[in-house]
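See below for the structure under consideration.
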2 protein chains.
Amino acid sequence: MSSEAEAIELTAIEPRPAKGERTRQTILETAVDIASVEGLEGLTIGRLAEALSMSKSGLFAHFGSKLELQLATVDAARSVFIGEVIMPTLAGEPGLARLWNLCDAWFLYIQGGVFRGGCFFAAASAEFDSRPGPVRDKIAAIMKEWLAKLVRGIMESQAAGHILRESEPEQIAFVINSLQMGANWAFQLYGDRQAFDRARLAMLGLFHENATPVGAQLLPSRGHIRVGGDAD
Amino acid sequence: MSSEAEAIELTAIEPRPAKGERTRQTILETAVDIASVEGLEGLTIGRLAEALSMSKSGLFAHFGSKLELQLATVDAARSVFIGEVIMPTLAGEPGLARLWNLCDAWFLYIQGGVFRGGCFFAAASAEFDSRPGPVRDKIAAIMKEWLAKLVRGIMESQAAGHILRESEPEQIAFVINSLQMGANWAFQLYGDRQAFDRARLAMLGLFHENATPVGAQLLPSRGHIRVGGDAD
DNA sequence: AACGTAAACGAACGTTCGTGCTATTAACTA
DNA sequence: TAGTTAATAGCACGAACGTTCGTTTACGTT
């Protein structure tokens with residue numbers, strides 16, 4: 001883990017980051033970009049160095065091993081995800097409206113092409129789901145964070161009286177996540193932008209099924225989502 | 001493509017397959033197994049040869065290039081999928097019952113561990129969705145076959161009066177596929193067998209939403225599916 | 001301005017990758 | 001059973017992999 005870096009960051013009284021840390025950040029930005037397309041194994045030190053116009057060895061010294069590079073890359077992707085999806089939806093009071101915004105932010109995150117290869121973690125978990133080790137563990141933990149975030153949002157909506165108490169939060173979270181996976185899959189493989197409308201439509205249906213009357217009023221009307229745009 | 005092999009198979013009047021074809025088949029069985037775990041890029045000629053206790057060059061001669069090996073492997077996986085999911089559900093008359101059986105066969109195909117790495121095509125499409133070329137094209141085409149199969153099943157159910165005419169088949173097929181992706185993802189990453197129950201439950205809900213009264217009677221009752229078993 | 005450290009480089013390592021050759025063995029045919 | 005073709009092995013190649021080394025450049029501090 002990056003305990004060393006964090007310890008340094010804590011002891012230091014926030015000076016402007018050292019040269020090394022700055023390039024490390026630059027490296028990781030490119031690493032995330034490459035890994036989202038080529039995968040975390042396809043992310044090669046040589047290729048990464050070439051993309052950054054620096055030497056393999058100079059780059060390598062920042063991480064010490066490929067494994068550490070992969071872990072750092074996953075961490076960097078997590079930061080991007082948090083900044084892109086989580087942070088913008090922290091404002092607003094807990095409830096169904098905020099939950100919908102969170103889900104919507106996820107779609108925007110994919111549609112906006114934050115990662116060139118689509119959802120970084122969908123790709124990474126597919127790549128590492130059969131490769132035991134620290135990388136897999138980290139990816140699994142991060143995705144659990146996301147699922148837990150969804151579950152929490154659903155429970156908050158229940159507490160606010162927006163979602164039926166008898167609905168099971170884990171079940172709803174599973175379906176939300178599945179629709180996101182499905183949309184990302186269709187978009188990546190076919191460039192199908194309709195998939196986002198389909199997923200949103202299905203998600204709206206899911207929410208309406210489980211919403212109380214007061215909760216239902218917080219959702220956009222079904223008519224606002226039209227499945228159209230480019231097929232194939 | 002395997003046009004050469006097919007031509008040979010057609011001109012011959014079905015004698016027992018020649019030695020070459022037999023070993024080619026053996027190679028592909030192992031190739032599919034490895035690729036489902038390590039991916040189609042991780043499927044290395046050296047590793048494959050070692051797993052089969054044969055020489056790299058001897059194995060290589062069967063395909064002529066890595067690309068052809070990958071294409072043949074994808075084709076072989078398709079055959080397995082057809083034998084495991086499609087064929088068993090060809091019997092029975094078109095309608096909602098058969099459609100449900102088809103979806104159920106898919107879950108059994110994953111739960112049964114037909115491929116060690118889970119759904120071969122889910123893994124393959126995630127791996128190649130950002131790598132243009134013949135392999136990607138083939139995977140995309142095969143997955144389109146599957147989606148088309150689902151759409152056809154839904155349309156047949158509409159024709160049989162089991163599914164509402166105003167329901168859009170493509171939308172339903174998208175959700176079915178998403179739930180399958182989601183279940184496969186959760187099972188591969190967390191070993192979560194509950195995910196199958198969750199996906200089945202959601203799918204049953206989807207079908208009930210879109211079913212006519214007569215169609216609804218063809219579905220298993222919601223109570224038959226209990227979410228339980230091992231959590232992670 | 002000079003020093004000490006941190007960062008980047010260039011070259012080389014042992015492997016493994018995919019892909020050609022040329023033999024040699026095994027399988028089918030006459 | 002002999003002869004021919006098909007199948008497999010052996011070896012070598014250039015390139016790229018992750019990693020290590022010693023050296024050189026650049027930065028940050030007194």
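Note on naming: chains are A, B, ... as they come in the structure tokens, residues start from 1 per chain, ligands start from 1 in the order shown.
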Sel. of alpha helix (DSSP H) residues, region 8-156 of chain A, as a PyMOL selection string: chain A and resi 8-11+19-42+45-51+56-60+66-81+96-111+120-128+134-156
Interface residues on chain A facing chain C, 12 Å, only C-alpha atoms (C1' of nucleotides), written as a PyMOL selection string: chain A and resi 18-24+49+53-62
Extract, using only C-alpha atoms (C1' of nucleotides), all DNA, RNA and protein residues at most 8 Å from region 158-171 of chain B, discarding same-chain residues fewer than 3 positions from it, and format them as a short mmCIF file (atom, residue, chain, number, x, y, z; two decimals) with N, CA and C atoms, in the first residue's frame.
data_model
loop_
_atom_site.label_atom_id
_atom_site.label_comp_id
_atom_site.auth_asym_id
_atom_site.auth_seq_id
_atom_site.Cartn_x
_atom_site.Cartn_y
_atom_site.Cartn_z
N ARG A 198 -31.51 2.77 -22.43
CA ARG A 198 -32.13 1.52 -22.00
C ARG A 198 -31.88 1.27 -20.52
N PRO B 94 -42.28 -22.61 -28.95
CA PRO B 94 -41.93 -21.20 -28.73
C PRO B 94 -42.89 -20.55 -27.75
N GLY B 95 -42.35 -19.71 -26.89
CA GLY B 95 -43.19 -19.01 -25.92
C GLY B 95 -42.40 -18.67 -24.68
N LEU B 96 -43.11 -18.18 -23.71
CA LEU B 96 -42.44 -17.67 -22.52
C LEU B 96 -41.76 -18.76 -21.71
N VAL B 151 -34.00 -11.70 -28.42
CA VAL B 151 -35.05 -10.88 -29.03
C VAL B 151 -36.07 -11.77 -29.74
N ILE B 154 -38.35 -13.40 -27.32
CA ILE B 154 -39.35 -12.47 -26.79
C ILE B 154 -40.46 -12.24 -27.81
N MET B 155 -40.06 -12.10 -29.08
CA MET B 155 -41.05 -11.90 -30.13
C MET B 155 -41.96 -13.11 -30.28
N PHE B 174 -32.01 -6.41 -23.51
CA PHE B 174 -30.91 -5.66 -22.88
C PHE B 174 -30.85 -5.93 -21.38
N VAL B 175 -32.00 -5.91 -20.75
CA VAL B 175 -32.02 -6.13 -19.29
C VAL B 175 -31.63 -7.56 -18.95
N PHE B 207 -40.05 -10.34 -16.38
CA PHE B 207 -41.00 -11.09 -17.20
C PHE B 207 -42.43 -10.84 -16.74
N ASN B 210 -43.90 -7.67 -17.97
CA ASN B 210 -44.20 -7.62 -19.41
C ASN B 210 -45.09 -8.76 -19.87
N ALA B 211 -45.52 -9.61 -18.94
CA ALA B 211 -46.30 -10.78 -19.33
C ALA B 211 -47.79 -10.48 -19.39
N THR B 212 -48.50 -11.17 -20.27
CA THR B 212 -49.96 -11.18 -20.26
C THR B 212 -50.39 -12.12 -19.13
N PRO B 213 -51.66 -12.08 -18.74
CA PRO B 213 -52.11 -13.00 -17.69
C PRO B 213 -51.81 -14.46 -18.03
N VAL B 214 -52.04 -14.84 -19.28
CA VAL B 214 -51.78 -16.24 -19.65
C VAL B 214 -50.28 -16.52 -19.65
N GLY B 215 -49.50 -15.55 -20.02
CA GLY B 215 -48.05 -15.74 -19.99
C GLY B 215 -47.53 -15.89 -18.57
N ALA B 216 -48.09 -15.13 -17.66
CA ALA B 216 -47.60 -15.15 -16.27
C ALA B 216 -47.72 -16.52 -15.65
#
Contact residues (chain D, partner chain B, 12 Å, only C-alpha atoms (C1' of nucleotides)) as a ChimeraX atom specification: /D:6-11
Mind dumping the selected residues with N, CA and C atoms (P, O5', C5', C4', C3', O3' and C1' of nucleotides) as a compact mmCIF listing (two decimals), in the first residue's frame?
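The new file selection-v2.txt reads:
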# COMPACT_ATOMS: atom_id res chain seq x y z
P DA D 6 -1.01 -33.95 -47.74
O5' DA D 6 -1.26 -34.08 -46.16
C5' DA D 6 -1.85 -35.27 -45.65
C4' DA D 6 -1.40 -35.47 -44.21
C3' DA D 6 -1.44 -34.19 -43.37
O3' DA D 6 -2.03 -34.52 -42.13
C1' DA D 6 0.69 -35.19 -43.22
P DA D 7 -2.41 -33.41 -41.08
O5' DA D 7 -1.37 -33.71 -39.90
C5' DA D 7 -1.27 -35.04 -39.39
C4' DA D 7 -0.11 -35.13 -38.43
C3' DA D 7 -0.04 -34.01 -37.39
O3' DA D 7 0.19 -34.62 -36.12
C1' DA D 7 2.03 -34.22 -38.49
P DT D 8 -0.01 -33.76 -34.77
O5' DT D 8 1.49 -33.52 -34.30
C5' DT D 8 2.25 -34.65 -33.86
C4' DT D 8 3.71 -34.33 -33.91
C3' DT D 8 4.18 -33.24 -32.95
O3' DT D 8 4.79 -33.86 -31.82
C1' DT D 8 5.34 -33.22 -35.04
P DA D 9 5.44 -32.97 -30.69
O5' DA D 9 6.95 -32.86 -31.17
C5' DA D 9 7.67 -34.04 -31.46
C4' DA D 9 9.09 -33.70 -31.90
C3' DA D 9 9.81 -32.71 -30.99
O3' DA D 9 11.09 -33.24 -30.68
C1' DA D 9 9.89 -31.96 -33.23
P DG D 10 11.99 -32.57 -29.53
O5' DG D 10 13.12 -31.80 -30.33
C5' DG D 10 13.65 -32.37 -31.53
C4' DG D 10 14.59 -31.37 -32.21
C3' DG D 10 15.26 -30.38 -31.25
O3' DG D 10 16.64 -30.34 -31.55
C1' DG D 10 14.16 -29.21 -32.99
P DC D 11 17.68 -29.56 -30.55
O5' DC D 11 17.95 -28.20 -31.34
C5' DC D 11 18.15 -28.24 -32.75
C4' DC D 11 18.02 -26.84 -33.34
C3' DC D 11 18.55 -25.71 -32.45
O3' DC D 11 19.59 -25.05 -33.13
C1' DC D 11 16.47 -25.14 -33.42
Check: which chain A residues lie within 8 Å of chain B using only C-alpha atoms, as JSON, numbers by chain: {"A": [37, 38, 39, 117, 122, 123, 125, 126, 127, 129, 130, 131, 140, 171, 174, 175, 177, 178, 179, 180, 181, 182, 183, 185, 188, 189, 190, 195, 198, 199, 202]}
